[in-house]
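Enquirer: The structure is given below, and queries will be raised subsequently.
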Amino acid sequence: MPRPRMSQYGDEEPGRSDQPGRRRSRPHRKGRPRRRLALRIAGWLSVAVVVVLTAGSVFLYAQYRSVWDSITRLDVSGLGTRPPSYNSALNVLVFGTDSRAGLSPYQQIKLHVGPPQGGQNTDTIMLVHISPGRHGVTVVSIPRDTQVPYYSCAPDGPGQPGQQQDLGATERINAVLAAGGVSCLWKTVEQQTGIRIDHFIELHFTGFVAIINEIGGVNVCVNKPVYDSTSGLRLRRGENHLDGVAALKFWRTREGLGSGDDPQRIQRDQFLMASVLQGVRREGLLGNPARTLTVLKDVAGSMTTDSGMSASDLFRIAESLRGLSTGSVQFITAPYVLDPADNNLVDFQQPQATELFTALAHDRTPPGAIRKGRRATGRTALVRQAAKPSSVHVQVLNGSGVIGQAARVAASLTSRGFHVVGTGDGPDFGYTTSVIEYASPADLPAADTLKAQLARASLLRDSGLAAGTVSLIVGSSLTALQPLPASAPPSASLPPSASLPPSASLPPSASLPASATQPVAGLGKKYRGITASTSVCKDQSAFSGPLGY
């Protein structure tokens with residue numbers, strides 16, 4: 001095909017075409033051969049630029065594929081009946097472990113983590129909620145000492161025993177991974193929060209160190225010198241700049257600072273994460289593909305994801321975070337209370353924890369958490385309302401073997417307006433924690449109202465139950481119903497001598513009221529959290545306590 005003739009501006013001359021045997025005359029222009037040579041050179045340079053850019057893109061893509069292929073991926077299965085997905089939010093389970101697998105003796109010494117120590121437990125568990133439209137991120141930390149029921153879990157791999165379902169007993173959530181692997185931890189978090197998880201990311205020690213080093217380190221702030229012999233952490237008074245290894249020591253330090261408990265360590269780590277995000281934004285890391293590739297190369301070998309996450313999924317997550325301000329990222333800790341039987345353990349605080357998890361599942365801010373100065377949108381909350389006690393039909397079953405316990409609990413519930421349809425024995429007498437079984441999501445409001453009467457109870461869906469009736473299997477730890485508000489009339493309860501201590505007292509409702517809400521935001525103030533824009537020197541309460549402060 002004849003080549004179109006180009007004008008002096010590089011465009012095809014309008015209305016003309018080359019025809020065989022026909023020549024067009026042009027006025028002679030001085031210097032035209034030089035112009036033609038220049039155009040040819042410019043054309044070849046353009047082609048060369050395109051070739052280089054294309055080759056670079058192919059190379060970059062090949063590098064990304066190579067890095068992606070070095071990330072460990074696991075199949076997640078056996079999740080049972082899962083929570084529904086209400087919107088296009090992305091929920092990612094992120095956790096770090098104390099595994100020393102793959103670390104050389106030199107790395108063990110350098111990182112100050114020591115040799116392998118038996119089973120693999122989770123040091124850190126976080127649920128990262130990225131809102132629809134990617135306008136905000138909420139990171140919820142779950143204390144590692146939180147008590148959870150034993151859910152039925154098959155082992156993911158060798159060395160994991162798996163576990164049998166025992167909803168009447170509890171274990172620390174940080175031990176779940178060692179029992180049944182990632183699938184077991186995934187299932188437990190979903191069942192306890194009611195939030196459907198889309199993916200998981202596991203990061204080991206070396207990956208954490210690599211990220212910190214790539215952004216040039218992070219800043220932390222203390223008001224007294226710190227030395228922790230367990231982690232090897234040393235800090236001078238005031239603001240300290242930490243490299244990756246020092247940041248890992250800070251992240252892991254628990255017993256030697258403040259009160260020595262895990263929730264306070266989480267508080268310190270949230271300030272550290274805020275400093276990390278400030279560094280990522282300052283360095284423009286997410287907006288630079290080459291830098292992002294460098295980080296992935298450093299992290300890939302110590303990173304594990306689910307097999308359902310593709311390379312494009314991971315890059316879309318990074319892309320969705322690129323345009324966010326640090327003020328749009330919230331860090332909060334799941335509401336908790338000390339366990340009344342053992343202050344080294346914690347339980348989810350109700351109804352606060354249910355309010356938070358339900359708000360995230362629906363991406364709606366609960367009333368009371370709306371930012372000061374911002375008006376509600378007027379939309380009705382898409383969260384479940386508590387049922388009235390008079391509308392709750394409950395069967396009470398004895399799961400502890402204590403004679404007469406089911407009858408006493410039934411009498412107490414009746415005095416508070418619940419409709420008890422019968423009593424009897426549970427499936428067995430091995431229950432420590434009480435369990436509330438319900439047939440379908442339509443029965444959740446009734447289950448919530450019943451759960452609010454108990455200091456500790458787990459919800460379990462059983463599609464074999466009759467719709468409209470919930471089943472309460474009473475565990476041995478239940479000695480009294482929760483106290484009613486001071487304004488409520490007195491009612492019957494279990495013997496005062498067997499009542500729970502005041503520290504376990506919970507409000508009578510475990511669900512969100514219907515009211516005007518806005519997309520999930522402003523949770524930091526309601527749940528004592530922070531945003532990623534918070535100054536690192538505002539974390540002094542995270543160091544208060546008898547251990548050096």
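By order in the structure tokens, chains are A, B, ...; within a chain, residues start at 1; ligands start at 1, following the order shown.
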Just want the 7 Å neighbourhood of Pro143 of chain A, counted on only C-alpha atoms, with same-chain residues fewer than 3 positions away dropped. Output as an mmCIF file with N, CA and C atoms, in the first residue's frame.

Expert:
data_model
loop_
_atom_site.group_PDB
_atom_site.id
_atom_site.type_symbol
_atom_site.label_atom_id
_atom_site.label_comp_id
_atom_site.auth_asym_id
_atom_site.auth_seq_id
_atom_site.Cartn_x
_atom_site.Cartn_y
_atom_site.Cartn_z
ATOM 1 N N THR A 146 -6.787 -12.673 73.383
ATOM 2 C CA THR A 146 -8.247 -12.749 73.320
ATOM 3 C C THR A 146 -8.689 -14.206 73.323
ATOM 4 N N ASP A 262 -0.265 -7.042 76.383
ATOM 5 C CA ASP A 262 -0.326 -6.985 74.929
ATOM 6 C C ASP A 262 -1.109 -5.787 74.404
ATOM 7 N N PRO A 263 -2.261 -5.415 74.991
ATOM 8 C CA PRO A 263 -2.972 -4.246 74.470
ATOM 9 C C PRO A 263 -2.130 -2.976 74.475
#

Enquirer: Report as a tab-separated table: every residue of segment 269-355 of chain A with an atom at most 12 Å from segment 415-438 of chain A, its closest pair of atoms, and their distance in Å to one decimal, counting only C-alpha atoms, with rows sorted by chain and ascending residue number.

Expert:
residue	atom	partner	partner_atom	distance
A:Asp339	CA	A:Thr433	CA	11.8
A:Ala341	CA	A:Thr432	CA	11.6
A:Asp347	CA	A:Thr433	CA	11.2

Enquirer: From segment 233-289 of chain A, collect each residue whose DSSP state is helix (DSSP H, G or I) and return the set as a ChimeraX atom specification.

Expert: /A:244-252,262-283,285-287,289

Enquirer: Got time to write the residues from that selection, C-alpha atoms, as a JSON list (two decimals), in the first residue's frame?

Expert:
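Writing done, so here's result-v9.json:
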[["chain", "number", "residue", "atom", "x", "y", "z"],
["A", 244, "GLY", "CA", 14.55, -2.02, 60.47],
["A", 245, "VAL", "CA", 16.18, -4.18, 63.14],
["A", 246, "ALA", "CA", 15.59, -1.63, 65.92],
["A", 247, "ALA", "CA", 11.97, -1.16, 64.76],
["A", 248, "LEU", "CA", 11.44, -4.93, 64.99],
["A", 249, "LYS", "CA", 12.74, -4.88, 68.57],
["A", 250, "PHE", "CA", 10.35, -2.02, 69.36],
["A", 251, "TRP", "CA", 7.45, -3.88, 67.69],
["A", 252, "ARG", "CA", 8.04, -7.04, 69.73],
["A", 262, "ASP", "CA", -0.33, -6.98, 74.93],
["A", 263, "PRO", "CA", -2.97, -4.25, 74.47],
["A", 264, "GLN", "CA", -0.43, -1.60, 75.51],
["A", 265, "ARG", "CA", 2.12, -3.09, 73.09],
["A", 266, "ILE", "CA", -0.53, -2.81, 70.37],
["A", 267, "GLN", "CA", -0.97, 0.86, 71.26],
["A", 268, "ARG", "CA", 2.76, 1.48, 70.79],
["A", 269, "ASP", "CA", 2.77, -0.47, 67.54],
["A", 270, "GLN", "CA", -0.09, 1.62, 66.16],
["A", 271, "PHE", "CA", 2.03, 4.74, 66.58],
["A", 272, "LEU", "CA", 4.85, 2.91, 64.85],
["A", 273, "MET", "CA", 2.54, 1.99, 61.94],
["A", 274, "ALA", "CA", 1.48, 5.62, 61.69],
["A", 275, "SER", "CA", 5.15, 6.57, 61.44],
["A", 276, "VAL", "CA", 5.64, 3.92, 58.73],
["A", 277, "LEU", "CA", 2.78, 5.30, 56.63],
["A", 278, "GLN", "CA", 4.07, 8.82, 57.06],
["A", 279, "GLY", "CA", 7.41, 7.57, 55.72],
["A", 280, "VAL", "CA", 5.77, 5.77, 52.79],
["A", 281, "ARG", "CA", 3.94, 8.94, 51.84],
["A", 282, "ARG", "CA", 7.02, 11.12, 52.34],
["A", 283, "GLU", "CA", 9.11, 8.87, 50.11],
["A", 285, "LEU", "CA", 6.85, 4.85, 47.60],
["A", 286, "LEU", "CA", 3.47, 3.79, 46.21],
["A", 287, "GLY", "CA", 3.72, 6.22, 43.30],
["A", 289, "PRO", "CA", 6.78, 1.47, 40.36]]

Enquirer: I'd like to know which of A:Lys538, A:Lys526, A:Arg144, A:His393 is closest to Ala466 of chain A, using only C-alpha atoms.

Expert: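 Smallest separation from Ala466 of chain A among the options: A:His393.
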
Enquirer: Let me make sure I understand: among A:Ser88, A:Asp69, A:Ser458, A:Leu203, which one has the smallest atom-to-atom distance to Thr304 of chain A if we use only C-alpha atoms?

Expert: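 Among the listed residues, A:Leu203 lies closest to Thr304 of chain A.
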
Enquirer: With only C-alpha atoms as the atoms that count, which of A:Thr531, A:Asn344, A:Thr230, A:Ser440 lies nearest to Asp462 of chain A?

Expert: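 Ranking A:Thr531, A:Asn344, A:Thr230, A:Ser440 by distance to Asp462 of chain A, first place goes to A:Ser440.
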
Enquirer: My list of candidates is A:Val189, A:Ala154, A:Met309, A:Leu481. Which is closest to Ala334 of chain A when distances are computed with only C-alpha atoms?

Expert: A:Val189

Enquirer: Enter the distance from atom CA of Tyr527 of chain A to atom CA of Arg364 of chain A, in Å, rounded to one decimal.

Expert: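 Pair atom CA of Tyr527 of chain A / atom CA of Arg364 of chain A returns 14.8 Å.
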
Enquirer: Counting only C-alpha atoms, which residue out of A:His362, A:Arg322, A:His199, A:Arg528 sits closest to Asp306 of chain A?

Expert: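 Answer, going by the shortest atom-to-atom distance: A:His199.
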
Enquirer: Got a sec: who's within 6 Å of Gln453 of chain A, counting only C-alpha atoms, leaving out chain neighbours fewer than 2 positions off, as an MDAnalysis selection string?

Expert: chainID A and resid 450:451 481:482

Enquirer: To one decimal place in Å, what is the distance between atom CA of Thr358 of chain A and atom CA of Ser328 of chain A?

Expert: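 Computing the Euclidean distance for atom CA of Thr358 of chain A and atom CA of Ser328 of chain A yields 19.8 Å.
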
Enquirer: Show which residues sit within 12 Å of Met126 of chain A, as a ChimeraX atom specification. Count only C-alpha atoms, and ignore same-chain residues fewer than 6 positions away.

Expert: /A:91-97,138-144,173-174,185-186,189,197,200-203,266,269-270,273,331-334

Enquirer: Identify which of the residues A:His129, A:Phe208, A:Thr193, A:Gln330 lies closest to Gly529 of chain A, counting only C-alpha atoms when measuring atom-to-atom distances.

Expert: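 Of all the options, A:Gln330 lies closest to Gly529 of chain A.
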